file entry-v5.cif (mmCIF, C-alpha atoms)
data_target
loop_
_atom_site.group_PDB
_atom_site.id
_atom_site.type_symbol
_atom_site.label_atom_id
_atom_site.label_comp_id
_atom_site.auth_asym_id
_atom_site.auth_seq_id
_atom_site.Cartn_x
_atom_site.Cartn_y
_atom_site.Cartn_z
ATOM 1 C CA MET A 12 79.708 38.878 45.495
ATOM 2 C CA LEU A 13 78.253 35.661 46.931
ATOM 3 C CA ALA A 14 76.106 35.223 43.844
ATOM 4 C CA THR A 15 79.274 35.464 41.732
ATOM 5 C CA TYR A 16 81.744 33.378 43.759
ATOM 6 C CA GLY A 17 79.585 31.196 46.021
ATOM 7 C CA ASN A 18 78.527 27.695 45.085
ATOM 8 C CA LYS A 19 74.898 26.675 44.495
ATOM 9 C CA GLU A 20 74.349 25.617 48.104
ATOM 10 C CA GLN A 21 75.706 28.904 49.451
ATOM 11 C CA ILE A 22 73.518 30.869 47.063
ATOM 12 C CA ASP A 23 70.402 28.877 48.004
ATOM 13 C CA THR A 24 71.169 29.079 51.736
ATOM 14 C CA TRP A 25 72.208 32.724 52.024
ATOM 15 C CA VAL A 26 71.669 34.776 48.876
ATOM 16 C CA ARG A 27 68.041 33.873 48.197
ATOM 17 C CA PRO A 28 66.911 34.731 51.769
ATOM 18 C CA MET A 29 68.811 38.027 51.467
ATOM 19 C CA LEU A 30 66.956 38.838 48.254
ATOM 20 C CA ASP A 31 63.700 38.007 50.060
ATOM 21 C CA GLY A 32 64.620 40.471 52.816
ATOM 22 C CA ARG A 33 64.776 37.718 55.472
ATOM 23 C CA TYR A 34 68.569 37.831 55.964
ATOM 24 C CA LEU A 35 70.930 40.785 56.182
ATOM 25 C CA GLY A 36 74.654 40.663 55.545
ATOM 26 C CA THR A 37 77.735 42.636 56.482
ATOM 27 C CA MET A 38 81.193 42.591 54.940
ATOM 28 C CA CYS A 39 84.051 42.398 57.475
ATOM 29 C CA LEU A 40 87.445 43.413 56.176
ATOM 30 C CA SER A 41 89.599 45.755 58.258
ATOM 31 C CA GLU A 42 90.840 45.236 61.829
ATOM 32 C CA PRO A 43 91.407 47.812 64.613
ATOM 33 C CA GLN A 44 95.195 47.406 64.623
ATOM 34 C CA ALA A 45 95.517 47.291 60.821
ATOM 35 C CA GLY A 46 93.043 49.843 59.486
ATOM 36 C CA SER A 47 93.225 49.852 55.696
ATOM 37 C CA SER A 48 96.522 47.924 55.651
ATOM 38 C CA LEU A 49 95.024 44.550 54.804
ATOM 39 C CA ALA A 50 98.435 42.890 54.648
ATOM 40 C CA ASN A 51 98.555 43.310 58.450
ATOM 41 C CA ILE A 52 95.275 41.650 59.423
ATOM 42 C CA THR A 53 95.738 38.836 61.936
ATOM 43 C CA THR A 54 92.463 36.884 61.794
ATOM 44 C CA GLN A 55 93.302 33.208 61.302
ATOM 45 C CA ALA A 56 91.363 30.320 59.753
ATOM 46 C CA VAL A 57 91.917 26.700 60.783
ATOM 47 C CA ARG A 58 90.612 24.039 58.408
ATOM 48 C CA GLN A 59 88.134 21.595 59.954
ATOM 49 C CA ASP A 60 86.517 18.318 58.877
ATOM 50 C CA GLU A 61 83.864 18.297 56.193
ATOM 51 C CA ARG A 62 81.160 17.082 58.590
ATOM 52 C CA ASP A 63 77.703 16.890 57.016
ATOM 53 C CA ILE A 64 78.091 19.689 54.461
ATOM 54 C CA PRO A 65 80.179 18.358 51.560
ATOM 55 C CA HIS A 66 80.305 21.639 49.646
ATOM 56 C CA HIS A 67 81.594 23.663 52.590
ATOM 57 C CA ARG A 68 85.068 23.433 54.036
ATOM 58 C CA HIS A 69 84.672 24.344 57.694
ATOM 59 C CA GLN A 70 87.117 26.862 59.102
ATOM 60 C CA ASP A 71 87.650 28.184 62.630
ATOM 61 C CA VAL A 72 87.772 31.974 62.826
ATOM 62 C CA ASP A 73 89.338 34.048 65.605
ATOM 63 C CA GLN A 74 89.864 37.820 65.855
ATOM 64 C CA ARG A 75 88.060 41.137 65.801
ATOM 65 C CA ARG A 76 87.166 42.828 62.565
ATOM 66 C CA ARG A 77 85.105 45.790 61.462
ATOM 67 C CA SER A 78 82.045 45.512 59.278
ATOM 68 C CA ARG A 79 80.728 46.455 55.879
ATOM 69 C CA ASN A 80 78.608 43.926 53.860
ATOM 70 C CA VAL A 81 78.311 40.016 53.390
ATOM 71 C CA GLY A 82 76.839 36.930 55.186
ATOM 72 C CA GLU A 83 76.840 33.018 55.061
ATOM 73 C CA HIS A 84 76.853 29.458 56.485
ATOM 74 C CA ARG A 85 78.166 27.423 59.472
ATOM 75 C CA ALA A 86 81.906 26.834 60.174
ATOM 76 C CA SER A 87 84.416 26.939 63.106
ATOM 77 C CA ARG A 88 87.054 29.889 63.014
ATOM 78 C CA ALA A 89 87.590 31.993 59.837
ATOM 79 C CA GLY A 90 89.931 34.638 58.408
ATOM 80 C CA GLN A 91 93.350 33.795 56.991
ATOM 81 C CA ASP A 92 94.518 30.189 56.700
ATOM 82 C CA THR A 93 97.531 29.086 58.697
ATOM 83 C CA GLY A 94 100.371 28.319 56.299
ATOM 84 C CA ARG A 95 99.037 30.978 53.973
ATOM 85 C CA PRO A 96 101.092 33.102 51.560
ATOM 86 C CA PRO A 97 102.263 36.421 53.054
ATOM 87 C CA GLY A 98 100.283 39.662 52.938
ATOM 88 C CA VAL A 99 97.107 40.087 50.920
ATOM 89 C CA LYS A 100 97.930 37.002 48.826
ATOM 90 C CA GLY A 101 96.977 34.888 51.849
ATOM 91 C CA ILE A 102 93.470 36.274 52.348
ATOM 92 C CA SER A 103 90.541 33.914 51.857
ATOM 93 C CA LEU A 104 86.858 34.799 51.829
ATOM 94 C CA PHE A 105 84.354 33.179 54.204
ATOM 95 C CA VAL A 106 80.697 33.314 55.064
ATOM 96 C CA VAL A 107 80.303 33.426 58.863
ATOM 97 C CA PRO A 108 76.605 33.408 59.853
ATOM 98 C CA LYS A 109 75.208 34.706 63.120
ATOM 99 C CA HIS A 110 73.206 31.472 63.390
ATOM 100 C CA LEU A 111 74.122 28.083 61.966
ATOM 101 C CA VAL A 112 71.408 26.513 59.854
ATOM 102 C CA ASP A 113 69.733 23.162 60.446
ATOM 103 C CA ASP A 114 69.109 20.440 57.867
ATOM 104 C CA ALA A 115 65.995 22.290 56.703
ATOM 105 C CA GLY A 116 68.030 25.446 56.049
ATOM 106 C CA GLN A 117 66.511 27.326 58.990
ATOM 107 C CA PRO A 118 68.515 29.430 61.500
ATOM 108 C CA ALA A 119 69.322 27.304 64.549
ATOM 109 C CA GLN A 120 72.413 27.187 66.773
ATOM 110 C CA ARG A 121 74.091 30.520 67.624
ATOM 111 C CA ASN A 122 77.492 31.023 66.031
ATOM 112 C CA SER A 123 80.403 32.655 67.878
ATOM 113 C CA VAL A 124 80.060 36.093 66.266
ATOM 114 C CA VAL A 125 79.237 39.005 68.597
ATOM 115 C CA LEU A 126 78.897 42.774 68.359
ATOM 116 C CA VAL A 127 81.456 44.470 70.608
ATOM 117 C CA GLY A 128 81.064 48.100 69.605
ATOM 118 C CA LEU A 129 80.147 50.719 67.029
ATOM 119 C CA ASN A 130 82.483 52.881 64.972
ATOM 120 C CA HIS A 131 81.353 56.502 64.812
ATOM 121 C CA LYS A 132 82.194 58.073 61.470
ATOM 122 C CA MET A 133 81.826 61.818 61.025
ATOM 123 C CA GLY A 134 78.983 62.640 58.664
ATOM 124 C CA ASN A 135 77.898 59.047 58.031
ATOM 125 C CA ARG A 136 74.518 59.049 59.787
ATOM 126 C CA GLY A 137 72.623 56.780 57.400
ATOM 127 C CA THR A 138 74.575 53.589 58.104
ATOM 128 C CA THR A 139 75.845 51.607 61.092
ATOM 129 C CA ASN A 140 79.503 50.620 61.140
ATOM 130 C CA ALA A 141 80.020 47.852 63.693
ATOM 131 C CA LEU A 142 82.950 46.125 65.368
ATOM 132 C CA LEU A 143 82.476 42.350 65.429
ATOM 133 C CA SER A 144 84.372 39.688 67.338
ATOM 134 C CA PHE A 145 84.795 36.132 66.040
ATOM 135 C CA GLY A 146 85.483 33.349 68.501
ATOM 136 C CA ASP A 147 83.816 34.696 71.656
ATOM 137 C CA GLU A 148 84.529 32.278 74.512
ATOM 138 C CA SER A 149 80.939 32.397 75.771
ATOM 139 C CA ILE A 150 79.617 30.765 72.579
ATOM 140 C CA THR A 151 80.908 27.379 71.401
ATOM 141 C CA PRO A 152 79.043 26.155 68.306
ATOM 142 C CA ASP A 153 78.983 22.348 68.192
ATOM 143 C CA GLY A 154 80.975 22.458 71.439
ATOM 144 C CA ARG A 155 84.080 23.827 69.689
ATOM 145 C CA ASP A 156 86.005 27.045 70.115
ATOM 146 C CA GLY A 157 85.898 29.714 67.410
ATOM 147 C CA ALA A 158 83.281 30.929 64.978
ATOM 148 C CA VAL A 159 82.086 28.679 62.172
ATOM 149 C CA GLY A 160 82.779 29.999 58.676
ATOM 150 C CA TYR A 161 82.519 28.629 55.127
ATOM 151 C CA LEU A 162 85.090 29.158 52.419
ATOM 152 C CA VAL A 163 83.759 31.095 49.426
ATOM 153 C CA GLY A 164 85.404 30.422 46.086
ATOM 154 C CA GLU A 165 89.051 29.444 45.923
ATOM 155 C CA GLU A 166 91.413 29.518 48.886
ATOM 156 C CA PHE A 167 93.669 32.632 49.026
ATOM 157 C CA ASP A 168 91.556 34.380 46.367
ATOM 158 C CA GLY A 169 89.621 36.495 48.868
ATOM 159 C CA MET A 170 91.178 39.852 48.025
ATOM 160 C CA ARG A 171 90.267 39.657 44.346
ATOM 161 C CA GLN A 172 86.778 38.421 45.172
ATOM 162 C CA MET A 173 86.233 41.160 47.751
ATOM 163 C CA PHE A 174 86.980 43.869 45.207
ATOM 164 C CA HIS A 175 84.099 42.607 43.091
ATOM 165 C CA MET A 176 82.050 44.532 45.660
ATOM 166 C CA MET A 177 84.626 47.045 46.898
ATOM 167 C CA ASN A 178 85.114 48.681 43.504
ATOM 168 C CA GLU A 179 81.464 49.758 43.566
ATOM 169 C CA ALA A 180 81.654 50.648 47.263
ATOM 170 C CA ARG A 181 84.561 53.028 46.627
ATOM 171 C CA ILE A 182 82.402 54.989 44.193
ATOM 172 C CA GLY A 183 79.750 55.259 46.902
ATOM 173 C CA VAL A 184 82.333 56.471 49.444
ATOM 174 C CA GLY A 185 83.529 59.126 47.001
ATOM 175 C CA LEU A 186 79.961 60.226 46.355
ATOM 176 C CA ALA A 187 79.292 60.492 50.091
ATOM 177 C CA ALA A 188 82.469 62.532 50.617
ATOM 178 C CA THR A 189 81.509 64.903 47.792
ATOM 179 C CA ALA A 190 77.999 65.339 49.195
ATOM 180 C CA LEU A 191 79.316 65.977 52.715
ATOM 181 C CA GLY A 192 81.869 68.492 51.469
ATOM 182 C CA TYR A 193 79.284 70.379 49.444
ATOM 183 C CA THR A 194 76.830 70.358 52.370
ATOM 184 C CA GLY A 195 79.551 71.814 54.598
ATOM 185 C CA TYR A 196 80.228 74.525 52.030
ATOM 186 C CA LEU A 197 76.536 75.484 51.820
ATOM 187 C CA GLN A 198 76.269 75.643 55.613
ATOM 188 C CA ALA A 199 79.398 77.812 55.814
ATOM 189 C CA VAL A 200 77.976 80.210 53.220
ATOM 190 C CA SER A 201 74.699 80.528 55.116
ATOM 191 C CA TYR A 202 76.534 81.039 58.433
ATOM 192 C CA ALA A 203 79.109 83.607 57.275
ATOM 193 C CA PRO A 204 78.040 87.284 57.301
ATOM 194 C CA HIS A 205 77.196 88.772 53.945
ATOM 195 C CA PRO A 206 79.937 90.994 52.570
ATOM 196 C CA PRO A 207 79.321 94.723 53.085
ATOM 197 C CA ALA A 208 77.799 96.667 50.209
ATOM 198 C CA ARG A 209 80.329 98.479 48.044
ATOM 199 C CA GLN A 210 80.616 102.175 48.829
ATOM 200 C CA THR A 211 80.253 104.649 45.980
ATOM 201 C CA PRO A 212 83.532 106.580 45.794
ATOM 202 C CA LEU A 213 83.324 110.321 46.461
ATOM 203 C CA ALA A 214 83.612 112.559 43.400
#
call {"tool": "encode", "arguments": {"input": "entry-v5.cif", "output": "structure tokens"}}
result
Amino acid sequence: MLATYGNKEQIDTWVRPMLDGRYLGTMCLSEPQAGSSLANITTQAVRQDERDIPHHRHQDVDQRRRSRNVGEHRASRAGQDTGRPPGVKGISLFVVPKHLVDDAGQPAQRNSVVLVGLNHKMGNRGTTNALLSFGDESITPDGRDGAVGYLVGEEFDGMRQMFHMMNEARIGVGLAATALGYTGYLQAVSYAPHPPARQTPLA
């Protein structure tokens, strides 16, 4: 998704290290109070000055969100822009890195993104689903409140961009559900007693 919608600097800073196995990413989409109703997410983005990164519009990000898969650059809060269109039409996409990068592109200052819990999903033992918080008061990157995030692609186009990845992810979720259901069936068959042998009727 970043390779498709990110600019050259975002790709060089985040995608290439991910392909090298040096960075990992997570996609954050849903929120505890909203679940799958993305029109009800409340994370807000506040536009900041350009500072020293001309290709990145800094945003401040506040709110808790759950994870899936993506990662990026340095900003100040991120989520939905104030003054945005209503519902999913107001969602923008941001890269919010755990560490801001220095001028040499190396991880440096800690960003205000923290793990606050894990979501336990029945049957999904091969992946970790985490609850992240943006804008933790104990961390103030560049002395400012909120997490630093970088706008990816066009403003308010985040929902369409996200489904570049989500369409494939939905196939994976369906495959996992099918595998879990079939595994449950096989275990039930092995647990249940075998049916009694048919009796030969008396003449």
call {"tool": "residues_around", "arguments": {"input": "entry-v5.cif", "residues": "region 187-196 of chain A", "least_positions_apart": "6", "cutoff": "12 Å", "atoms": "only C-alpha atoms", "output": "mmCIF file with C-alpha atoms, in the frame of the given file"}}
result
data_model
loop_
_atom_site.group_PDB
_atom_site.id
_atom_site.type_symbol
_atom_site.label_atom_id
_atom_site.label_comp_id
_atom_site.auth_asym_id
_atom_site.auth_seq_id
_atom_site.Cartn_x
_atom_site.Cartn_y
_atom_site.Cartn_z
ATOM 1 C CA LYS A 132 82.194 58.073 61.470
ATOM 2 C CA MET A 133 81.826 61.818 61.025
ATOM 3 C CA GLY A 134 78.983 62.640 58.664
ATOM 4 C CA ASN A 135 77.898 59.047 58.031
ATOM 5 C CA ARG A 136 74.518 59.049 59.787
ATOM 6 C CA GLY A 137 72.623 56.780 57.400
ATOM 7 C CA THR A 138 74.575 53.589 58.104
ATOM 8 C CA ALA A 180 81.654 50.648 47.263
ATOM 9 C CA ARG A 181 84.561 53.028 46.627
ATOM 10 C CA TYR A 202 76.534 81.039 58.433
ATOM 11 C CA ALA A 203 79.109 83.607 57.275
#
call {"tool": "atom_distance", "arguments": {"input": "entry-v5.cif", "atom1": "CA of Gly46 (chain A)", "atom2": "CA of Leu111 (chain A)"}}
result
28.9 Å
call {"tool": "closest_residue", "arguments": {"input": "entry-v5.cif", "among": "A:Val106, A:Gln55, A:Gln198, A:Asp114", "to": "Asn18 (chain A)", "atoms": "only C-alpha atoms"}}
result
A:Val106
call {"tool": "resolve_selection", "arguments": {"input": "entry-v5.cif", "expression": "the PyMOL selection byres ((chain A and resi 22) around 12)", "output": "PyMOL selection string"}}
result
chain A and resi 12-21+23-30+66+82-84+106+116+163-164
call {"tool": "atom_distance", "arguments": {"input": "entry-v5.cif", "atom1": "CA of Gly183 (chain A)", "atom2": "CA of Met170 (chain A)"}}
result
19.2 Å
call {"tool": "atom_distance", "arguments": {"input": "entry-v5.cif", "atom1": "CA of Arg95 (chain A)", "atom2": "CA of Leu40 (chain A)"}}
result
17.1 Å
call {"tool": "resolve_selection", "arguments": {"input": "entry-v5.cif", "expression": "the PyMOL selection byres ((chain A and resi 166) around 10)", "output": "MDAnalysis selection string"}}
result
chainID A and resid 91:92 95 100:105 162:165 167:169
call {"tool": "closest_residue", "arguments": {"input": "entry-v5.cif", "among": "A:Gln172, A:Thr139, A:Asn178, A:Thr37", "to": "Lys109 (chain A)", "atoms": "all atoms listed in the file"}}
result
A:Thr37
call {"tool": "resolve_selection", "arguments": {"input": "entry-v5.cif", "expression": "the PyMOL selection byres ((chain A and resi 110) around 7)", "output": "VMD selection string"}}
result
chain A and resid 108 to 109 111 to 112 118 to 122
call {"tool": "closest_residue", "arguments": {"input": "entry-v5.cif", "among": "A:Val124, A:Val99, A:Ala45, A:Ala199", "to": "Val159 (chain A)", "atoms": "all atoms listed in the file"}}
result
A:Val124
